[in-house]
$ cat model-v5.tsv   # TSV, N, CA and C atoms
chain	number	residue	atom	x	y	z
J	1	MET	N	-0.88	4.41	7.48
J	1	MET	CA	0.56	4.39	7.65
J	1	MET	C	0.94	3.04	8.19
J	2	PHE	N	2.07	2.53	7.73
J	2	PHE	CA	2.63	1.30	8.28
J	2	PHE	C	4.14	1.40	8.25
J	3	VAL	N	4.77	0.52	9.01
J	3	VAL	CA	6.23	0.47	9.09
J	3	VAL	C	6.69	-0.87	8.56
J	4	THR	N	7.77	-0.85	7.78
J	4	THR	CA	8.30	-2.09	7.21
J	4	THR	C	9.80	-1.94	6.99
J	5	GLY	N	10.44	-3.03	6.66
J	5	GLY	CA	11.88	-3.00	6.40
J	5	GLY	C	12.22	-2.16	5.19
J	6	ALA	N	13.28	-1.37	5.30
J	6	ALA	CA	13.66	-0.44	4.23
J	6	ALA	C	14.02	-1.16	2.93
J	7	GLU	N	14.46	-2.39	3.03
J	7	GLU	CA	14.85	-3.13	1.83
J	7	GLU	C	13.83	-4.20	1.44
J	8	SER	N	12.62	-4.11	1.99
J	8	SER	CA	11.59	-5.10	1.65
J	8	SER	C	11.14	-4.90	0.20
J	9	GLY	N	10.56	-5.94	-0.37
J	9	GLY	CA	10.08	-5.86	-1.74
J	9	GLY	C	9.05	-4.77	-1.95
J	10	LYS	N	8.15	-4.59	-0.97
J	10	LYS	CA	7.11	-3.56	-1.13
J	10	LYS	C	7.70	-2.17	-1.19
J	11	VAL	N	8.75	-1.91	-0.41
J	11	VAL	CA	9.38	-0.58	-0.42
J	11	VAL	C	10.12	-0.37	-1.75
J	12	LYS	N	10.82	-1.37	-2.22
J	12	LYS	CA	11.52	-1.25	-3.50
J	12	LYS	C	10.53	-0.96	-4.62
J	13	ARG	N	9.35	-1.64	-4.61
J	13	ARG	CA	8.35	-1.41	-5.64
J	13	ARG	C	7.76	-0.01	-5.52
J	14	LEU	N	7.49	0.44	-4.28
J	14	LEU	CA	6.92	1.77	-4.08
J	14	LEU	C	7.86	2.88	-4.53
J	15	ARG	N	9.15	2.63	-4.48
J	15	ARG	CA	10.11	3.64	-4.93
J	15	ARG	C	10.04	3.81	-6.45
J	16	THR	N	9.51	2.79	-7.13
J	16	THR	CA	9.37	2.83	-8.58
J	16	THR	C	7.96	3.24	-9.01
J	17	LEU	N	6.96	2.71	-8.30
J	17	LEU	CA	5.56	2.93	-8.68
J	17	LEU	C	4.74	3.15	-7.41
J	18	ALA	N	4.18	4.34	-7.25
J	18	ALA	CA	3.47	4.70	-6.02
J	18	ALA	C	2.02	4.21	-5.99
J	19	ARG	N	1.48	3.79	-7.13
J	19	ARG	CA	0.07	3.36	-7.17
J	19	ARG	C	-0.07	2.01	-6.48
J	20	VAL	N	-1.07	1.92	-5.57
J	20	VAL	CA	-1.35	0.68	-4.85
J	20	VAL	C	-2.85	0.46	-4.79
J	21	GLU	N	-3.25	-0.73	-4.40
J	21	GLU	CA	-4.65	-1.03	-4.14
J	21	GLU	C	-4.76	-1.48	-2.69
J	22	ILE	N	-5.83	-1.05	-2.02
J	22	ILE	CA	-6.04	-1.47	-0.64
J	22	ILE	C	-7.41	-2.11	-0.51
J	23	ALA	N	-7.51	-3.06	0.41
J	23	ALA	CA	-8.77	-3.76	0.66
J	23	ALA	C	-8.73	-4.32	2.07
J	24	VAL	N	-9.89	-4.61	2.60
J	24	VAL	CA	-9.98	-5.23	3.92
J	24	VAL	C	-9.50	-6.68	3.78
J	25	CYS	N	-8.60	-7.07	4.69
J	25	CYS	CA	-8.07	-8.43	4.62
J	25	CYS	C	-7.93	-9.00	6.03
J	26	ASP	N	-7.62	-10.30	6.09
J	26	ASP	CA	-7.40	-10.93	7.38
J	26	ASP	C	-5.95	-10.73	7.80
J	27	ARG	N	-5.55	-11.27	8.94
J	27	ARG	CA	-4.20	-11.03	9.44
J	27	ARG	C	-3.11	-11.65	8.59
J	28	LYS	N	-3.48	-12.56	7.69
J	28	LYS	CA	-2.50	-13.17	6.79
J	28	LYS	C	-2.40	-12.41	5.46
J	29	GLY	N	-3.27	-11.41	5.28
J	29	GLY	CA	-3.22	-10.62	4.05
J	29	GLY	C	-4.16	-11.12	2.96
J	30	ASP	N	-5.00	-12.11	3.27
J	30	ASP	CA	-5.97	-12.59	2.29
J	30	ASP	C	-7.16	-11.63	2.26
J	31	VAL	N	-7.51	-11.13	1.07
J	31	VAL	CA	-8.62	-10.19	0.93
J	31	VAL	C	-9.92	-10.91	1.28
J	32	LEU	N	-10.74	-10.25	2.10
J	32	LEU	CA	-12.01	-10.83	2.52
J	32	LEU	C	-12.99	-10.85	1.35
J	33	ALA	N	-13.80	-11.90	1.30
J	33	ALA	CA	-14.79	-12.05	0.23
J	33	ALA	C	-15.70	-10.83	0.20
J	34	GLY	N	-15.89	-10.28	-0.98
J	34	GLY	CA	-16.78	-9.15	-1.16
J	34	GLY	C	-16.18	-7.80	-0.77
J	35	ALA	N	-14.95	-7.79	-0.33
J	35	ALA	CA	-14.32	-6.52	0.08
J	35	ALA	C	-14.07	-5.63	-1.14
J	36	ALA	N	-14.34	-4.35	-0.98
J	36	ALA	CA	-14.06	-3.39	-2.05
J	36	ALA	C	-12.55	-3.19	-2.17
J	37	ILE	N	-12.07	-3.08	-3.39
J	37	ILE	CA	-10.65	-2.80	-3.64
J	37	ILE	C	-10.57	-1.36	-4.13
J	38	LEU	N	-9.81	-0.54	-3.40
J	38	LEU	CA	-9.72	0.88	-3.71
J	38	LEU	C	-8.32	1.26	-4.17
J	39	GLY	N	-8.26	2.21	-5.09
J	39	GLY	CA	-6.99	2.74	-5.55
J	39	GLY	C	-6.42	3.71	-4.54
J	40	ALA	N	-5.10	3.73	-4.43
J	40	ALA	CA	-4.43	4.63	-3.50
J	40	ALA	C	-3.02	4.89	-4.00
J	41	THR	N	-2.36	5.84	-3.36
J	41	THR	CA	-0.94	6.07	-3.61
J	41	THR	C	-0.20	5.91	-2.29
J	42	ALA	N	1.03	5.50	-2.37
J	42	ALA	CA	1.84	5.30	-1.17
J	42	ALA	C	3.18	5.98	-1.35
J	43	ARG	N	3.72	6.49	-0.24
J	43	ARG	CA	5.04	7.10	-0.31
J	43	ARG	C	5.79	6.85	0.98
J	44	GLU	N	7.08	6.79	0.85
J	44	GLU	CA	7.96	6.62	2.00
J	44	GLU	C	8.07	7.96	2.73
J	45	LEU	N	7.87	7.93	4.04
J	45	LEU	CA	8.01	9.15	4.84
J	45	LEU	C	9.43	9.28	5.34
J	46	ALA	N	9.91	10.50	5.41
J	46	ALA	CA	11.27	10.74	5.89
J	46	ALA	C	11.28	11.95	6.81
J	47	GLY	N	12.28	12.05	7.64
J	47	GLY	CA	12.51	13.22	8.48
J	47	GLY	C	11.32	13.59	9.34
J	48	ASP	N	10.93	14.87	9.27
J	48	ASP	CA	9.84	15.38	10.10
J	48	ASP	C	8.52	14.68	9.80
J	49	ASP	N	8.27	14.31	8.54
J	49	ASP	CA	7.03	13.61	8.19
J	49	ASP	C	6.94	12.27	8.91
J	50	ALA	N	8.03	11.53	8.94
J	50	ALA	CA	8.05	10.23	9.62
J	50	ALA	C	7.88	10.41	11.12
J	51	ALA	N	8.53	11.39	11.69
J	51	ALA	CA	8.42	11.65	13.13
J	51	ALA	C	7.00	12.05	13.50
J	52	THR	N	6.37	12.89	12.69
J	52	THR	CA	4.99	13.33	12.95
J	52	THR	C	4.03	12.14	12.86
J	53	ALA	N	4.19	11.30	11.84
J	53	ALA	CA	3.32	10.13	11.68
J	53	ALA	C	3.48	9.18	12.87
J	54	ALA	N	4.72	8.95	13.30
J	54	ALA	CA	4.97	8.06	14.44
J	54	ALA	C	4.32	8.61	15.70
J	55	ALA	N	4.41	9.92	15.91
J	55	ALA	CA	3.80	10.55	17.09
J	55	ALA	C	2.28	10.41	17.05
J	56	GLN	N	1.69	10.56	15.87
J	56	GLN	CA	0.24	10.44	15.74
J	56	GLN	C	-0.22	9.01	16.04
J	57	VAL	N	0.53	8.02	15.56
J	57	VAL	CA	0.17	6.62	15.82
J	57	VAL	C	0.30	6.32	17.32
J	58	ARG	N	1.40	6.79	17.93
J	58	ARG	CA	1.58	6.57	19.38
J	58	ARG	C	0.44	7.21	20.17
J	59	ALA	N	0.03	8.42	19.78
J	59	ALA	CA	-1.05	9.12	20.48
J	59	ALA	C	-2.39	8.40	20.31
J	60	LYS	N	-2.64	7.89	19.11
J	60	LYS	CA	-3.92	7.23	18.84
J	60	LYS	C	-4.04	5.89	19.55
J	61	TYR	N	-2.97	5.08	19.54
J	61	TYR	CA	-3.06	3.72	20.05
J	61	TYR	C	-2.50	3.53	21.46
J	62	GLY	N	-1.77	4.50	21.99
J	62	GLY	CA	-1.31	4.47	23.38
J	62	GLY	C	-0.64	3.17	23.79
J	63	VAL	N	-1.24	2.51	24.80
J	63	VAL	CA	-0.67	1.29	25.38
J	63	VAL	C	-0.60	0.17	24.35
J	64	LYS	N	-1.59	0.07	23.48
J	64	LYS	CA	-1.58	-0.97	22.45
J	64	LYS	C	-0.34	-0.83	21.57
J	65	TRP	N	-0.01	0.41	21.21
J	65	TRP	CA	1.16	0.65	20.36
J	65	TRP	C	2.45	0.29	21.11
J	66	LYS	N	2.50	0.64	22.39
J	66	LYS	CA	3.69	0.30	23.19
J	66	LYS	C	3.88	-1.20	23.25
J	67	ALA	N	2.79	-1.96	23.41
J	67	ALA	CA	2.88	-3.42	23.43
J	67	ALA	C	3.35	-3.94	22.08
J	68	PHE	N	2.83	-3.37	20.99
J	68	PHE	CA	3.25	-3.78	19.65
J	68	PHE	C	4.74	-3.50	19.45
J	69	GLU	N	5.18	-2.31	19.85
J	69	GLU	CA	6.59	-1.93	19.72
J	69	GLU	C	7.48	-2.87	20.53
J	70	ALA	N	7.05	-3.23	21.74
J	70	ALA	CA	7.83	-4.15	22.57
J	70	ALA	C	7.96	-5.50	21.87
J	71	GLY	N	6.85	-5.99	21.32
J	71	GLY	CA	6.89	-7.27	20.60
J	71	GLY	C	7.77	-7.20	19.37
J	72	SER	N	7.71	-6.07	18.65
J	72	SER	CA	8.56	-5.90	17.46
J	72	SER	C	10.04	-5.88	17.85
J	73	GLY	N	10.35	-5.24	18.97
J	73	GLY	CA	11.73	-5.19	19.44
J	73	GLY	C	12.26	-6.57	19.78
J	74	ILE	N	11.42	-7.38	20.41
J	74	ILE	CA	11.83	-8.75	20.76
J	74	ILE	C	12.04	-9.57	19.50
J	75	ARG	N	11.10	-9.48	18.55
J	75	ARG	CA	11.24	-10.23	17.29
J	75	ARG	C	12.49	-9.78	16.54
J	76	SER	N	12.78	-8.49	16.56
J	76	SER	CA	13.97	-7.97	15.86
J	76	SER	C	15.25	-8.55	16.46
J	77	ARG	N	15.30	-8.63	17.78
J	77	ARG	CA	16.50	-9.19	18.42
J	77	ARG	C	16.65	-10.68	18.11
J	78	ILE	N	15.52	-11.40	18.09
J	78	ILE	CA	15.58	-12.83	17.78
J	78	ILE	C	16.04	-13.05	16.35
J	79	ARG	N	15.55	-12.23	15.44
J	79	ARG	CA	15.87	-12.37	14.01
J	79	ARG	C	17.11	-11.58	13.61
J	80	SER	N	17.70	-10.85	14.52
J	80	SER	CA	18.86	-9.98	14.23
J	80	SER	C	18.53	-8.95	13.16
J	81	VAL	N	17.35	-8.33	13.29
J	81	VAL	CA	16.91	-7.32	12.34
J	81	VAL	C	17.29	-5.95	12.87
J	82	ASP	N	17.81	-5.10	12.01
J	82	ASP	CA	18.18	-3.74	12.38
J	82	ASP	C	16.93	-2.87	12.30
J	83	ARG	N	16.34	-2.51	13.44
J	83	ARG	CA	15.11	-1.71	13.45
J	83	ARG	C	15.34	-0.33	12.88
J	84	ALA	N	16.58	0.14	12.87
J	84	ALA	CA	16.87	1.45	12.27
J	84	ALA	C	16.69	1.40	10.77
J	85	ALA	N	16.66	0.18	10.20
J	85	ALA	CA	16.50	0.02	8.76
J	85	ALA	C	15.03	-0.13	8.39
J	86	GLU	N	14.13	0.40	9.22
J	86	GLU	CA	12.71	0.38	8.92
J	86	GLU	C	12.28	1.76	8.41
J	87	VAL	N	11.26	1.76	7.57
J	87	VAL	CA	10.73	3.02	7.05
J	87	VAL	C	9.22	3.07	7.27
J	88	SER	N	8.69	4.28	7.35
J	88	SER	CA	7.26	4.50	7.47
J	88	SER	C	6.70	4.77	6.08
J	89	ILE	N	5.56	4.16	5.79
J	89	ILE	CA	4.90	4.33	4.50
J	89	ILE	C	3.52	4.95	4.73
J	90	GLU	N	3.23	6.03	4.01
J	90	GLU	CA	1.93	6.68	4.08
J	90	GLU	C	1.11	6.23	2.87
J	91	VAL	N	-0.15	5.87	3.11
J	91	VAL	CA	-1.05	5.45	2.04
J	91	VAL	C	-2.23	6.40	2.02
J	92	LEU	N	-2.51	6.98	0.85
J	92	LEU	CA	-3.62	7.92	0.68
J	92	LEU	C	-4.57	7.43	-0.41
J	93	LEU	N	-5.87	7.39	-0.09
J	93	LEU	CA	-6.87	6.97	-1.07
J	93	LEU	C	-6.92	7.94	-2.24
J	94	THR	N	-7.09	7.39	-3.43
J	94	THR	CA	-7.29	8.23	-4.62
J	94	THR	C	-8.70	8.07	-5.15
J	95	GLU	N	-9.44	7.09	-4.63
J	95	GLU	CA	-10.83	6.85	-5.04
J	95	GLU	C	-11.74	7.15	-3.86
J	96	ALA	N	-12.92	7.68	-4.14
J	96	ALA	CA	-13.89	7.93	-3.09
J	96	ALA	C	-14.45	6.62	-2.56
J	97	ILE	N	-14.78	6.61	-1.30
J	97	ILE	CA	-15.36	5.40	-0.68
J	97	ILE	C	-16.85	5.41	-0.90
$ encode --input "model-v5.tsv" --output "structure tokens"
Amino acid sequence: MFVTGAESGKVKRLRTLARVEIAVCDRKGDVLAGAAILGATARELAGDDAATAAAQVRAKYGVKWKAFEAGSGIRSRIRSVDRAAEVSIEVLLTEAI
């Protein structure tokens, strides 16, 4: 699961085509040499699904998630980004590992 802007290019594409590929990458998004590329599907979460996913992430990462959220809030204010315009995306593998 990840959170991104509701009008980002990735969300617009996912609304049309749910098939995605995932791979291990560095923090800039460059796929690591030799990393396996796996097929997956992605969907935008809404309502109770989004709330449940957010609660699970908060429970799993605790203080780390709170620090990330604080940093995201600061960046949003600097960039004048509406955090309410963010969506949660769920990614599920379709290929066995």
$ residues_around --input "model-v5.tsv" --residues "Arg19 in chain J" --least-positions-apart "2" --cutoff "6.5 Å" --atoms "all atoms listed in the file" --output "MDAnalysis selection string"
chainID J and resid 17 21 40:42
$ atom_distance --input "model-v5.tsv" --atom1 "atom N of Thr94 in chain J" --atom2 "atom N of Gly39 in chain J"
5.6 Å
$ select_by_dssp --input "model-v5.tsv" --residues "chain J" --states "alpha helix (DSSP H)" --output "PyMOL selection string"
chain J and resi 9-16+47-79
$ closest_residue --input "model-v5.tsv" --among "J:Ile89, J:Val11, J:Ala6, J:Leu32" --to "Asp49 in chain J" --atoms "only C-alpha atoms"
J:Ile89
$ residues_around --input "model-v5.tsv" --residues "Ser88 in chain J" --least-positions-apart "3" --cutoff "8 Å" --atoms "all atoms listed in the file" --output "ChimeraX atom specification"
/J:1-6,43-46,49-50,54,85,91
$ atom_distance --input "model-v5.tsv" --atom1 "CA of Lys10 in chain J" --atom2 "atom N of Val63 in chain J"
27.9 Å
$ select_by_dssp --input "model-v5.tsv" --residues "chain J" --states "strand (DSSP E or B)" --output "list in words"
Phe2, Val3, Thr4, Gly5, Arg19, Val20, Glu21, Ile22, Cys25, Val31, Leu38, Gly39, Ala40, Thr41, Ala42, Arg43, Glu44, Leu45, Glu86, Val87, Ser88, Ile89, Glu90, Val91, Leu92 and Leu93 of chain J
$ atom_distance --input "model-v5.tsv" --atom1 "atom C of Gln56 in chain J" --atom2 "CA of Leu93 in chain J"
18.5 Å
